[in-house]
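Shown here: run.cif, mmCIF, C-alpha atoms.
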```cif
data_start
loop_
_atom_site.label_atom_id
_atom_site.label_comp_id
_atom_site.auth_asym_id
_atom_site.auth_seq_id
_atom_site.Cartn_x
_atom_site.Cartn_y
_atom_site.Cartn_z
CA MET Z 1072 -44.95 -150.08 197.91
CA VAL Z 1073 -43.34 -150.44 201.36
CA LYS Z 1074 -45.85 -150.56 204.21
CA ALA Z 1075 -45.28 -147.86 206.85
CA GLU Z 1076 -44.32 -149.09 210.31
CA ALA Z 1077 -46.91 -148.85 213.06
CA LYS Z 1078 -46.75 -145.83 215.33
CA LEU Z 1079 -44.68 -146.77 218.36
CA GLY Z 1080 -45.56 -145.95 221.94
CA ILE Z 1081 -42.63 -145.86 224.36
CA ILE Z 1082 -43.34 -146.25 228.07
CA ALA Z 1083 -40.08 -144.86 229.45
CA GLY Z 1084 -38.49 -145.57 232.79
CA GLY Z 1085 -34.94 -144.73 233.82
CA GLY Z 1086 -31.59 -145.47 232.22
CA VAL Z 1087 -30.26 -144.91 228.73
CA LEU Z 1088 -32.44 -147.37 226.78
CA PRO Z 1089 -35.43 -145.01 226.33
CA LYS Z 1090 -33.07 -142.41 224.85
CA LEU Z 1091 -31.56 -144.97 222.47
CA LEU Z 1092 -35.02 -146.04 221.33
CA ILE Z 1093 -36.14 -142.44 220.76
CA GLU Z 1094 -32.99 -141.74 218.76
CA HIS Z 1095 -33.59 -144.89 216.72
CA CYS Z 1096 -37.13 -143.72 215.87
CA GLN Z 1097 -35.81 -140.29 214.89
CA ALA Z 1098 -33.03 -141.77 212.72
CA THR Z 1099 -35.36 -144.20 210.93
CA GLY Z 1100 -38.28 -141.79 210.61
CA ARG Z 1101 -40.62 -143.96 212.64
CA ASP Z 1102 -43.58 -142.13 214.20
CA TYR Z 1103 -43.60 -142.40 218.01
CA PHE Z 1104 -45.00 -141.04 221.27
CA VAL Z 1105 -43.49 -141.34 224.75
CA ILE Z 1106 -45.14 -141.84 228.13
CA ALA Z 1107 -42.44 -140.76 230.60
CA VAL Z 1108 -42.72 -142.10 234.15
CA GLU Z 1109 -42.06 -139.40 236.75
CA ASN Z 1110 -39.13 -139.94 239.17
CA ASN Z 1111 -37.73 -142.56 236.81
CA ALA Z 1112 -37.31 -141.29 233.24
CA ASP Z 1113 -34.44 -138.84 232.61
CA LYS Z 1114 -35.85 -135.33 232.21
CA ALA Z 1115 -32.82 -134.30 230.15
CA ILE Z 1116 -33.99 -136.56 227.31
CA PHE Z 1117 -37.23 -134.70 226.71
CA SER Z 1118 -36.63 -131.63 224.59
CA PRO Z 1119 -39.69 -129.79 223.20
CA ASP Z 1120 -39.42 -131.57 219.85
CA ILE Z 1121 -40.00 -135.01 221.42
CA PRO Z 1122 -43.72 -135.89 221.61
CA HIS Z 1123 -44.34 -137.02 225.17
CA GLN Z 1124 -46.46 -136.87 228.30
CA TRP Z 1125 -45.37 -137.29 231.92
CA ILE Z 1126 -47.32 -139.53 234.32
CA ARG Z 1127 -46.91 -140.90 237.82
CA ILE Z 1128 -46.86 -144.70 238.19
CA GLY Z 1129 -50.37 -144.45 239.63
CA GLN Z 1130 -51.61 -142.70 236.48
CA ALA Z 1131 -51.30 -145.72 234.20
CA GLY Z 1132 -54.88 -145.23 233.07
CA THR Z 1133 -54.07 -141.65 232.05
CA GLY Z 1134 -51.06 -142.91 230.09
CA LEU Z 1135 -53.10 -145.58 228.36
CA LYS Z 1136 -55.69 -143.01 227.30
CA ALA Z 1137 -52.93 -140.77 225.88
CA LEU Z 1138 -51.52 -143.66 223.85
CA GLN Z 1139 -54.98 -144.39 222.44
CA GLN Z 1140 -55.48 -140.73 221.54
CA GLU Z 1141 -52.11 -140.74 219.77
CA LYS Z 1142 -53.27 -143.77 217.74
CA VAL Z 1143 -50.33 -145.87 218.84
CA SER Z 1144 -50.36 -149.46 217.52
CA GLU Z 1145 -47.24 -150.98 219.11
CA ILE Z 1146 -45.75 -150.33 222.54
CA VAL Z 1147 -42.32 -150.88 224.05
CA MET Z 1148 -42.00 -150.80 227.84
CA ILE Z 1149 -38.37 -149.95 228.56
CA GLY Z 1150 -36.19 -148.57 231.34
CA THR Z 1151 -35.88 -149.08 235.08
CA ILE Z 1152 -38.67 -148.32 237.51
CA HIS Z 1153 -37.72 -147.64 241.13
CA ARG Z 1154 -39.90 -148.67 244.05
CA PRO Z 1155 -42.57 -145.95 244.09
CA SER Z 1156 -43.42 -143.62 246.96
CA PHE Z 1157 -46.94 -143.47 248.37
CA ALA Z 1158 -47.59 -140.27 246.40
CA ASP Z 1159 -46.46 -141.98 243.18
CA LEU Z 1160 -48.91 -144.79 243.79
CA MET Z 1161 -52.03 -142.66 244.29
CA PRO Z 1162 -54.04 -144.22 241.45
CA ASP Z 1163 -56.37 -142.70 238.89
CA LEU Z 1164 -59.71 -144.45 238.42
CA ARG Z 1165 -58.53 -146.77 235.64
CA THR Z 1166 -55.49 -147.84 237.65
CA THR Z 1167 -57.60 -148.42 240.77
CA ALA Z 1168 -59.82 -150.79 238.78
CA PHE Z 1169 -56.72 -152.55 237.39
CA PHE Z 1170 -55.22 -153.07 240.88
CA ALA Z 1171 -58.53 -154.45 242.13
CA LYS Z 1172 -58.80 -156.84 239.19
CA ILE Z 1173 -55.32 -158.39 239.39
CA GLY Z 1174 -55.02 -158.63 243.18
CA LEU Z 1175 -51.75 -156.68 243.29
CA LYS Z 1176 -50.35 -158.11 246.52
CA SER Z 1177 -50.55 -161.68 245.27
CA LEU Z 1178 -48.23 -161.13 242.30
CA GLY Z 1179 -44.46 -160.81 241.94
CA ASP Z 1180 -42.81 -158.29 239.62
CA ASP Z 1181 -43.19 -160.51 236.54
CA GLY Z 1182 -46.83 -161.24 237.32
CA ILE Z 1183 -47.62 -157.54 237.59
CA LEU Z 1184 -45.81 -156.79 234.31
CA ARG Z 1185 -47.63 -159.59 232.50
CA ALA Z 1186 -50.93 -158.22 233.81
CA VAL Z 1187 -49.99 -154.74 232.53
CA VAL Z 1188 -49.19 -156.22 229.10
CA ALA Z 1189 -52.53 -158.02 229.04
CA GLU Z 1190 -54.34 -154.80 229.96
CA ILE Z 1191 -52.62 -152.86 227.17
CA GLU Z 1192 -53.25 -155.56 224.59
CA GLY Z 1193 -56.87 -155.76 225.71
CA GLU Z 1194 -57.19 -152.22 224.33
CA GLY Z 1195 -56.03 -153.32 220.88
CA MET Z 1196 -52.37 -152.27 221.08
CA ARG Z 1197 -49.52 -154.77 220.74
CA VAL Z 1198 -46.64 -154.88 223.23
CA VAL Z 1199 -43.26 -155.72 221.66
CA GLY Z 1200 -39.75 -155.99 223.06
CA ILE Z 1201 -37.10 -153.39 222.31
CA GLN Z 1202 -35.21 -156.21 220.55
CA ASN Z 1203 -38.02 -156.35 217.99
CA VAL Z 1204 -37.20 -152.74 217.09
CA MET Z 1205 -33.44 -152.76 217.76
CA PRO Z 1206 -32.25 -156.40 217.43
CA GLU Z 1207 -28.62 -155.27 217.54
CA LEU Z 1208 -28.95 -154.84 221.33
CA LEU Z 1209 -29.32 -158.60 221.95
CA VAL Z 1210 -26.33 -160.39 223.49
CA LYS Z 1211 -24.25 -162.44 221.05
CA ASN Z 1212 -23.01 -165.92 221.93
CA GLY Z 1213 -19.49 -166.65 223.14
CA VAL Z 1214 -16.60 -164.57 224.40
CA LEU Z 1215 -16.88 -160.97 223.21
CA THR Z 1216 -13.61 -159.69 224.70
CA LYS Z 1217 -9.89 -160.34 224.36
CA VAL Z 1218 -9.78 -161.98 227.78
CA LYS Z 1219 -11.43 -165.39 228.07
CA PRO Z 1220 -12.74 -166.90 231.31
CA ASP Z 1221 -10.24 -169.38 232.78
CA LYS Z 1222 -11.05 -172.70 234.49
CA GLN Z 1223 -12.03 -171.08 237.80
CA ALA Z 1224 -14.13 -168.41 236.08
CA LEU Z 1225 -15.93 -171.08 234.04
CA ALA Z 1226 -16.69 -173.00 237.24
CA ASP Z 1227 -17.99 -169.80 238.86
CA ILE Z 1228 -20.16 -169.09 235.81
CA GLU Z 1229 -21.61 -172.60 235.99
CA ARG Z 1230 -22.43 -172.19 239.69
CA GLY Z 1231 -23.81 -168.71 239.12
CA THR Z 1232 -25.98 -169.98 236.28
CA ALA Z 1233 -27.59 -172.62 238.51
CA ALA Z 1234 -28.17 -170.04 241.25
CA ALA Z 1235 -29.55 -167.41 238.85
CA LEU Z 1236 -32.02 -169.87 237.31
CA ALA Z 1237 -33.26 -170.88 240.77
CA LEU Z 1238 -33.52 -167.22 241.76
CA GLY Z 1239 -35.42 -166.43 238.58
CA ARG Z 1240 -37.95 -169.22 239.06
CA LEU Z 1241 -38.89 -167.56 242.35
CA ASP Z 1242 -39.34 -164.19 240.54
CA ILE Z 1243 -36.74 -162.52 242.78
CA GLY Z 1244 -33.93 -161.27 240.56
CA GLN Z 1245 -31.74 -161.87 237.52
CA SER Z 1246 -28.17 -161.57 238.82
CA VAL Z 1247 -25.76 -163.53 241.01
CA VAL Z 1248 -22.15 -162.90 242.01
CA VAL Z 1249 -19.88 -165.92 242.55
CA GLN Z 1250 -16.25 -165.98 243.64
CA GLN Z 1251 -14.18 -169.17 243.76
CA GLY Z 1252 -17.32 -171.28 244.01
CA LEU Z 1253 -18.89 -169.18 246.76
CA VAL Z 1254 -22.14 -167.31 246.04
CA LEU Z 1255 -21.39 -163.84 247.42
CA GLY Z 1256 -24.82 -162.38 246.76
CA VAL Z 1257 -28.04 -162.58 244.79
CA GLU Z 1258 -30.00 -159.69 243.33
CA GLY Z 1259 -33.03 -158.45 245.23
CA ILE Z 1260 -34.85 -155.16 245.01
CA GLU Z 1261 -31.59 -153.15 245.05
CA GLY Z 1262 -30.66 -153.95 241.44
CA THR Z 1263 -27.46 -155.16 239.80
CA ASP Z 1264 -25.28 -152.10 240.42
CA GLU Z 1265 -25.86 -152.22 244.17
CA LEU Z 1266 -25.38 -156.01 244.17
CA ILE Z 1267 -21.95 -155.57 242.60
CA LYS Z 1268 -20.92 -152.89 245.10
CA ARG Z 1269 -22.15 -154.96 248.05
CA CYS Z 1270 -20.42 -158.14 246.91
CA GLY Z 1271 -17.18 -156.28 246.29
CA THR Z 1272 -16.83 -155.89 250.05
CA TYR Z 1273 -17.39 -159.63 250.63
CA GLN Z 1274 -14.66 -160.95 248.35
CA ARG Z 1275 -11.90 -163.07 249.80
CA LYS Z 1276 -8.26 -163.20 248.71
CA GLY Z 1277 -7.39 -164.58 245.30
CA VAL Z 1278 -9.05 -164.18 241.92
CA GLY Z 1279 -12.09 -161.93 241.87
CA GLY Z 1280 -15.75 -162.73 241.44
CA VAL Z 1281 -17.95 -163.13 238.39
CA LEU Z 1282 -21.36 -161.61 237.67
CA VAL Z 1283 -23.93 -163.91 236.04
CA LYS Z 1284 -27.06 -162.21 234.68
CA LEU Z 1285 -29.88 -164.27 233.13
CA ARG Z 1286 -33.45 -163.89 231.98
CA LYS Z 1287 -35.83 -165.55 234.42
CA PRO Z 1288 -37.08 -168.90 233.03
CA GLN Z 1289 -40.72 -167.75 233.00
CA GLN Z 1290 -39.99 -164.16 231.98
CA ASP Z 1291 -41.80 -162.57 229.03
CA MET Z 1292 -39.20 -161.60 226.41
CA ARG Z 1293 -41.02 -158.31 225.82
CA ILE Z 1294 -40.42 -156.82 229.27
CA ASP Z 1295 -37.55 -156.16 231.68
CA LEU Z 1296 -34.83 -158.14 229.90
CA PRO Z 1297 -31.48 -158.39 231.73
CA THR Z 1298 -29.26 -155.52 230.64
CA ILE Z 1299 -25.63 -154.51 231.03
CA GLY Z 1300 -23.82 -151.41 229.84
CA PRO Z 1301 -20.60 -149.44 230.39
CA ARG Z 1302 -21.62 -148.63 233.99
CA THR Z 1303 -21.83 -152.36 234.72
CA ILE Z 1304 -18.23 -152.83 233.58
CA GLU Z 1305 -17.06 -149.80 235.57
CA ASN Z 1306 -18.76 -151.11 238.70
CA LEU Z 1307 -17.32 -154.62 238.25
CA HIS Z 1308 -13.85 -153.16 237.82
CA ALA Z 1309 -14.21 -150.93 240.89
CA ALA Z 1310 -15.33 -153.97 242.90
CA GLY Z 1311 -12.32 -156.02 241.79
CA MET Z 1312 -14.30 -158.56 239.78
CA ARG Z 1313 -13.18 -160.49 236.73
CA GLY Z 1314 -16.05 -160.31 234.29
CA VAL Z 1315 -19.67 -160.96 233.42
CA ALA Z 1316 -21.62 -163.80 231.84
CA ILE Z 1317 -24.94 -162.77 230.32
CA HIS Z 1318 -27.78 -164.62 228.60
CA THR Z 1319 -27.25 -165.04 224.85
CA GLY Z 1320 -30.20 -163.79 222.80
CA ASN Z 1321 -32.22 -163.18 225.99
CA ALA Z 1322 -30.50 -160.07 227.33
CA LEU Z 1323 -29.31 -156.67 226.13
CA ILE Z 1324 -25.98 -154.89 225.89
CA VAL Z 1325 -26.22 -151.10 225.81
CA ASP Z 1326 -23.37 -149.55 223.78
CA GLU Z 1327 -21.71 -152.88 223.04
CA GLU Z 1328 -18.58 -151.36 221.51
CA LYS Z 1329 -17.89 -149.26 224.61
CA VAL Z 1330 -18.65 -152.21 226.90
CA ILE Z 1331 -16.12 -154.40 225.07
CA ASN Z 1332 -13.48 -151.65 224.91
CA LEU Z 1333 -13.82 -150.99 228.65
CA ALA Z 1334 -13.63 -154.67 229.48
CA ASP Z 1335 -10.53 -155.05 227.29
CA LYS Z 1336 -8.98 -152.02 229.00
CA TYR Z 1337 -9.58 -153.54 232.44
CA LYS Z 1338 -8.57 -157.06 231.29
CA MET Z 1339 -12.03 -158.40 232.07
CA PHE Z 1340 -14.22 -160.80 230.11
CA VAL Z 1341 -17.75 -160.48 228.75
CA VAL Z 1342 -19.28 -163.75 227.59
CA GLY Z 1343 -22.68 -164.66 226.18
CA ILE Z 1344 -23.93 -167.97 227.58
CA THR Z 1345 -26.86 -170.30 226.88
CA PRO Z 1346 -28.01 -172.08 230.06
CA LYS Z 1347 -28.99 -175.70 229.50
CA GLU Z 1348 -32.20 -175.26 231.49
CA SER Z 1349 -33.39 -172.02 229.86
#
```
Please re-express this file's structure in structure tokens.
Amino acid sequence: MVKAEAKLGIIAGGGVLPKLLIEHCQATGRDYFVIAVENNADKAIFSPDIPHQWIRIGQAGTGLKALQQEKVSEIVMIGTIHRPSFADLMPDLRTTAFFAKIGLKSLGDDGILRAVVAEIEGEGMRVVGIQNVMPELLVKNGVLTKVKPDKQALADIERGTAAALALGRLDIGQSVVVQQGLVLGVEGIEGTDELIKRCGTYQRKGVGGVLVKLRKPQQDMRIDLPTIGPRTIENLHAAGMRGVAIHTGNALIVDEEKVINLADKYKMFVVGITPKES
């Protein structure tokens, strides 16, 4: 007799990944419940037949209680979360106690996320990565496109890798853009899409830049993995860049087939890399 999978809780931010995970649960018959974060999760996803509850970021305690009531055993935290407004942050009692306990101002993004994971698991639920549910999203090793990075692109990837690892150790960002050996920009709070657009205006003459996107060295594999998708390729093309190098087995590709087809169309490369220091 096959053991039934644990009921899955999905804490959903923005982007397409929450939708893909919901569709996966529906297709496989896995029982699930969604906590949708206001001003982040896509409202269009949530038809009446999808079991869910909306919360503000400051209502994490309310969301945790709902997950307990739904008898959720495993949780995936997935999707982007934008910097919250003051109204979003007005905390419920449980969240107030959590903020007081962890000393919020002393932690970076990863530290806060790890504290959230510990709080959830302290209530008897297990946090897992989306790759544990949908392993096909993980980046494969090597060149995935028809176009391969040339000598200059490989040098830019190497420089971008060193910069991205240093950036990650400081818990700042995951992405770097390099052109002809020059670091054009590093990812801060604006996110990868805005980094690409900004760096597009900085490029000098000659071959275009390269995006390098890596998991931070200390980053928990269950939360906030580096991710690219078709929009990434469209933005790189619009900015006049040559391609993207992304962390093999430590990052996600949303709609891989479309990503590769777009990159082939634009004569760009997508390559999975394994940093020596990761």
Requested in this report: Name the residues that the PyMOL selection byres ((chain Z and resi 1329) around 12) pulls out of this structure, and write them as number ranges by chain.
Outcome: Z: 1215-1216, 1299-1305, 1324-1328, 1330-1336, 1341
Query raised in the report: For Arg1240 in chain Z, which residue out of Z:Pro1288, Z:Gly1129, Z:Gly1320, Z:Pro1122 is the nearest one, using all atoms listed in the file?
Result: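 For Arg1240 in chain Z, the nearest of the given residues is Z:Pro1288.
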Just the residues within 10 Å of Glu1261 in chain Z, please, counting all atoms listed in the file, with nothing from its chain fewer than 2 positions along; format it as a tab-separated table (two decimals) with C-alpha atoms, in the coordinates of the input.
```
chain	number	residue	atom	x	y	z
Z	1153	HIS	CA	-37.72	-147.64	241.13
Z	1154	ARG	CA	-39.90	-148.67	244.05
Z	1244	GLY	CA	-33.93	-161.27	240.56
Z	1258	GLU	CA	-30.00	-159.69	243.33
Z	1259	GLY	CA	-33.03	-158.45	245.23
Z	1263	THR	CA	-27.46	-155.16	239.80
Z	1264	ASP	CA	-25.28	-152.10	240.42
Z	1265	GLU	CA	-25.86	-152.22	244.17
Z	1266	LEU	CA	-25.38	-156.01	244.17
```
For range 1283-1328 of chain Z versus range 1221-1237 of chain Z, which residues have an atom no more than 9 Å away, and what is each residue's nearest atom pair and distance in Å rounded to one decimal, using all atoms listed in the file, chain-then-number order, as a Markdown table?
```
| residue | atom | partner | partner_atom | distance |
| --- | --- | --- | --- | --- |
| Z:Val1283 | CA | Z:Gly1231 | CA | 5.7 |
| Z:Lys1284 | CA | Z:Ala1235 | CA | 7.1 |
| Z:Leu1285 | CA | Z:Ala1235 | CA | 6.5 |
| Z:Arg1286 | CA | Z:Leu1236 | CA | 8.1 |
| Z:Lys1287 | CA | Z:Leu1236 | CA | 6.4 |
| Z:Pro1288 | CA | Z:Leu1236 | CA | 6.7 |
| Z:Arg1313 | CA | Z:Ala1224 | CA | 8.0 |
| Z:Gly1314 | CA | Z:Ala1224 | CA | 8.5 |
| Z:Val1315 | CA | Z:Ile1228 | CA | 8.5 |
| Z:Ala1316 | CA | Z:Ile1228 | CA | 6.8 |
```
Query raised in the report: What residues come out when you apply the PyMOL selection byres ((chain Z and resi 1105) around 12) to this file, written as an MDAnalysis selection string?
Result: chainID Z and resid 1078:1084 1089:1090 1092:1093 1096 1102:1104 1106:1108 1112 1116:1118 1120:1126 1134:1135 1137:1138 1141 1143 1145:1149
Go ahead and write the selection's residues with C-alpha atoms as a tab-separated table (two decimals), in the coordinates of the input.
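Resulting contents of again.tsv:
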```
chain	number	residue	atom	x	y	z
Z	1078	LYS	CA	-46.75	-145.83	215.33
Z	1079	LEU	CA	-44.68	-146.77	218.36
Z	1080	GLY	CA	-45.56	-145.95	221.94
Z	1081	ILE	CA	-42.63	-145.86	224.36
Z	1082	ILE	CA	-43.34	-146.25	228.07
Z	1083	ALA	CA	-40.08	-144.86	229.45
Z	1084	GLY	CA	-38.49	-145.57	232.79
Z	1089	PRO	CA	-35.43	-145.01	226.33
Z	1090	LYS	CA	-33.07	-142.41	224.85
Z	1092	LEU	CA	-35.02	-146.04	221.33
Z	1093	ILE	CA	-36.14	-142.44	220.76
Z	1096	CYS	CA	-37.13	-143.72	215.87
Z	1102	ASP	CA	-43.58	-142.13	214.20
Z	1103	TYR	CA	-43.60	-142.40	218.01
Z	1104	PHE	CA	-45.00	-141.04	221.27
Z	1106	ILE	CA	-45.14	-141.84	228.13
Z	1107	ALA	CA	-42.44	-140.76	230.60
Z	1108	VAL	CA	-42.72	-142.10	234.15
Z	1112	ALA	CA	-37.31	-141.29	233.24
Z	1116	ILE	CA	-33.99	-136.56	227.31
Z	1117	PHE	CA	-37.23	-134.70	226.71
Z	1118	SER	CA	-36.63	-131.63	224.59
Z	1120	ASP	CA	-39.42	-131.57	219.85
Z	1121	ILE	CA	-40.00	-135.01	221.42
Z	1122	PRO	CA	-43.72	-135.89	221.61
Z	1123	HIS	CA	-44.34	-137.02	225.17
Z	1124	GLN	CA	-46.46	-136.87	228.30
Z	1125	TRP	CA	-45.37	-137.29	231.92
Z	1126	ILE	CA	-47.32	-139.53	234.32
Z	1134	GLY	CA	-51.06	-142.91	230.09
Z	1135	LEU	CA	-53.10	-145.58	228.36
Z	1137	ALA	CA	-52.93	-140.77	225.88
Z	1138	LEU	CA	-51.52	-143.66	223.85
Z	1141	GLU	CA	-52.11	-140.74	219.77
Z	1143	VAL	CA	-50.33	-145.87	218.84
Z	1145	GLU	CA	-47.24	-150.98	219.11
Z	1146	ILE	CA	-45.75	-150.33	222.54
Z	1147	VAL	CA	-42.32	-150.88	224.05
Z	1148	MET	CA	-42.00	-150.80	227.84
Z	1149	ILE	CA	-38.37	-149.95	228.56
```
Residues of range 1190-1298 of chain Z at most 12 Å from range 1307-1311 of chain Z: nearest atom pair and distance in Å, only C-alpha atoms, as a Markdown table:
```
| residue | atom | partner | partner_atom | distance |
| --- | --- | --- | --- | --- |
| Z:Val1248 | CA | Z:Leu1307 | CA | 10.3 |
| Z:Gln1250 | CA | Z:Gly1311 | CA | 10.9 |
| Z:Thr1263 | CA | Z:Leu1307 | CA | 10.3 |
| Z:Asp1264 | CA | Z:Leu1307 | CA | 8.6 |
| Z:Glu1265 | CA | Z:Leu1307 | CA | 10.7 |
| Z:Leu1266 | CA | Z:Leu1307 | CA | 10.1 |
| Z:Ile1267 | CA | Z:Leu1307 | CA | 6.4 |
| Z:Lys1268 | CA | Z:Ala1310 | CA | 6.1 |
| Z:Arg1269 | CA | Z:Ala1310 | CA | 8.6 |
| Z:Cys1270 | CA | Z:Ala1310 | CA | 7.7 |
| Z:Gly1271 | CA | Z:Ala1310 | CA | 4.5 |
| Z:Thr1272 | CA | Z:Ala1310 | CA | 7.6 |
| Z:Tyr1273 | CA | Z:Ala1310 | CA | 9.8 |
| Z:Gln1274 | CA | Z:Gly1311 | CA | 8.5 |
| Z:Arg1275 | CA | Z:Gly1311 | CA | 10.7 |
| Z:Lys1276 | CA | Z:Gly1311 | CA | 10.8 |
| Z:Gly1277 | CA | Z:Gly1311 | CA | 10.5 |
| Z:Val1278 | CA | Z:Gly1311 | CA | 8.8 |
| Z:Gly1279 | CA | Z:Gly1311 | CA | 5.9 |
| Z:Gly1280 | CA | Z:Gly1311 | CA | 7.5 |
| Z:Val1281 | CA | Z:Leu1307 | CA | 8.5 |
| Z:Leu1282 | CA | Z:Leu1307 | CA | 8.1 |
| Z:Val1283 | CA | Z:Leu1307 | CA | 11.6 |
```
Would you fill out range 1091-1105 of chain Z with N, CA, C and O atoms and return it as a PDB file, in the coordinates of the input?
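This went into selection-v5.pdb:
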```pdb
ATOM      1  N   LEU Z1091     -32.008-144.258 223.669  1.00  0.00           N
ATOM      2  CA  LEU Z1091     -31.560-144.970 222.470  1.00  0.00           C
ATOM      3  C   LEU Z1091     -32.730-145.294 221.547  1.00  0.00           C
ATOM      4  O   LEU Z1091     -32.618-145.195 220.318  1.00  0.00           O
ATOM      5  N   LEU Z1092     -33.858-145.681 222.139  1.00  0.00           N
ATOM      6  CA  LEU Z1092     -35.020-146.040 221.330  1.00  0.00           C
ATOM      7  C   LEU Z1092     -35.610-144.801 220.643  1.00  0.00           C
ATOM      8  O   LEU Z1092     -36.000-144.854 219.464  1.00  0.00           O
ATOM      9  N   ILE Z1093     -35.666-143.692 221.357  1.00  0.00           N
ATOM     10  CA  ILE Z1093     -36.140-142.440 220.760  1.00  0.00           C
ATOM     11  C   ILE Z1093     -35.236-142.029 219.599  1.00  0.00           C
ATOM     12  O   ILE Z1093     -35.712-141.669 218.515  1.00  0.00           O
ATOM     13  N   GLU Z1094     -33.931-142.108 219.823  1.00  0.00           N
ATOM     14  CA  GLU Z1094     -32.990-141.740 218.760  1.00  0.00           C
ATOM     15  C   GLU Z1094     -33.117-142.673 217.562  1.00  0.00           C
ATOM     16  O   GLU Z1094     -32.980-142.229 216.411  1.00  0.00           O
ATOM     17  N   HIS Z1095     -33.384-143.942 217.819  1.00  0.00           N
ATOM     18  CA  HIS Z1095     -33.590-144.890 216.720  1.00  0.00           C
ATOM     19  C   HIS Z1095     -34.820-144.495 215.902  1.00  0.00           C
ATOM     20  O   HIS Z1095     -34.779-144.508 214.657  1.00  0.00           O
ATOM     21  N   CYS Z1096     -35.913-144.134 216.579  1.00  0.00           N
ATOM     22  CA  CYS Z1096     -37.130-143.720 215.870  1.00  0.00           C
ATOM     23  C   CYS Z1096     -36.865-142.462 215.039  1.00  0.00           C
ATOM     24  O   CYS Z1096     -37.314-142.361 213.885  1.00  0.00           O
ATOM     25  N   GLN Z1097     -36.118-141.523 215.605  1.00  0.00           N
ATOM     26  CA  GLN Z1097     -35.810-140.290 214.890  1.00  0.00           C
ATOM     27  C   GLN Z1097     -34.943-140.582 213.657  1.00  0.00           C
ATOM     28  O   GLN Z1097     -35.159-140.026 212.582  1.00  0.00           O
ATOM     29  N   ALA Z1098     -33.956-141.465 213.822  1.00  0.00           N
ATOM     30  CA  ALA Z1098     -33.030-141.770 212.720  1.00  0.00           C
ATOM     31  C   ALA Z1098     -33.715-142.533 211.593  1.00  0.00           C
ATOM     32  O   ALA Z1098     -33.363-142.370 210.415  1.00  0.00           O
ATOM     33  N   THR Z1099     -34.694-143.369 211.938  1.00  0.00           N
ATOM     34  CA  THR Z1099     -35.360-144.200 210.930  1.00  0.00           C
ATOM     35  C   THR Z1099     -36.658-143.576 210.421  1.00  0.00           C
ATOM     36  O   THR Z1099     -37.298-144.124 209.514  1.00  0.00           O
ATOM     37  N   GLY Z1100     -37.058-142.453 211.028  1.00  0.00           N
ATOM     38  CA  GLY Z1100     -38.280-141.790 210.610  1.00  0.00           C
ATOM     39  C   GLY Z1100     -39.550-142.450 211.115  1.00  0.00           C
ATOM     40  O   GLY Z1100     -40.643-142.175 210.602  1.00  0.00           O
ATOM     41  N   ARG Z1101     -39.429-143.284 212.117  1.00  0.00           N
ATOM     42  CA  ARG Z1101     -40.620-143.960 212.640  1.00  0.00           C
ATOM     43  C   ARG Z1101     -41.398-143.020 213.547  1.00  0.00           C
ATOM     44  O   ARG Z1101     -40.833-142.358 214.428  1.00  0.00           O
ATOM     45  N   ASP Z1102     -42.711-142.956 213.370  1.00  0.00           N
ATOM     46  CA  ASP Z1102     -43.580-142.130 214.200  1.00  0.00           C
ATOM     47  C   ASP Z1102     -43.664-142.742 215.597  1.00  0.00           C
ATOM     48  O   ASP Z1102     -43.773-143.959 215.741  1.00  0.00           O
ATOM     49  N   TYR Z1103     -43.619-141.885 216.644  1.00  0.00           N
ATOM     50  CA  TYR Z1103     -43.600-142.400 218.010  1.00  0.00           C
ATOM     51  C   TYR Z1103     -44.202-141.390 218.986  1.00  0.00           C
ATOM     52  O   TYR Z1103     -44.351-140.200 218.674  1.00  0.00           O
ATOM     53  N   PHE Z1104     -44.539-141.882 220.175  1.00  0.00           N
ATOM     54  CA  PHE Z1104     -45.000-141.040 221.270  1.00  0.00           C
ATOM     55  C   PHE Z1104     -44.539-141.679 222.573  1.00  0.00           C
ATOM     56  O   PHE Z1104     -44.581-142.899 222.716  1.00  0.00           O
ATOM     57  N   VAL Z1105     -44.082-140.827 223.516  1.00  0.00           N
ATOM     58  CA  VAL Z1105     -43.490-141.340 224.750  1.00  0.00           C
ATOM     59  C   VAL Z1105     -44.357-141.019 225.958  1.00  0.00           C
ATOM     60  O   VAL Z1105     -44.795-139.884 226.136  1.00  0.00           O
TER      61      VAL Z1105
END
```
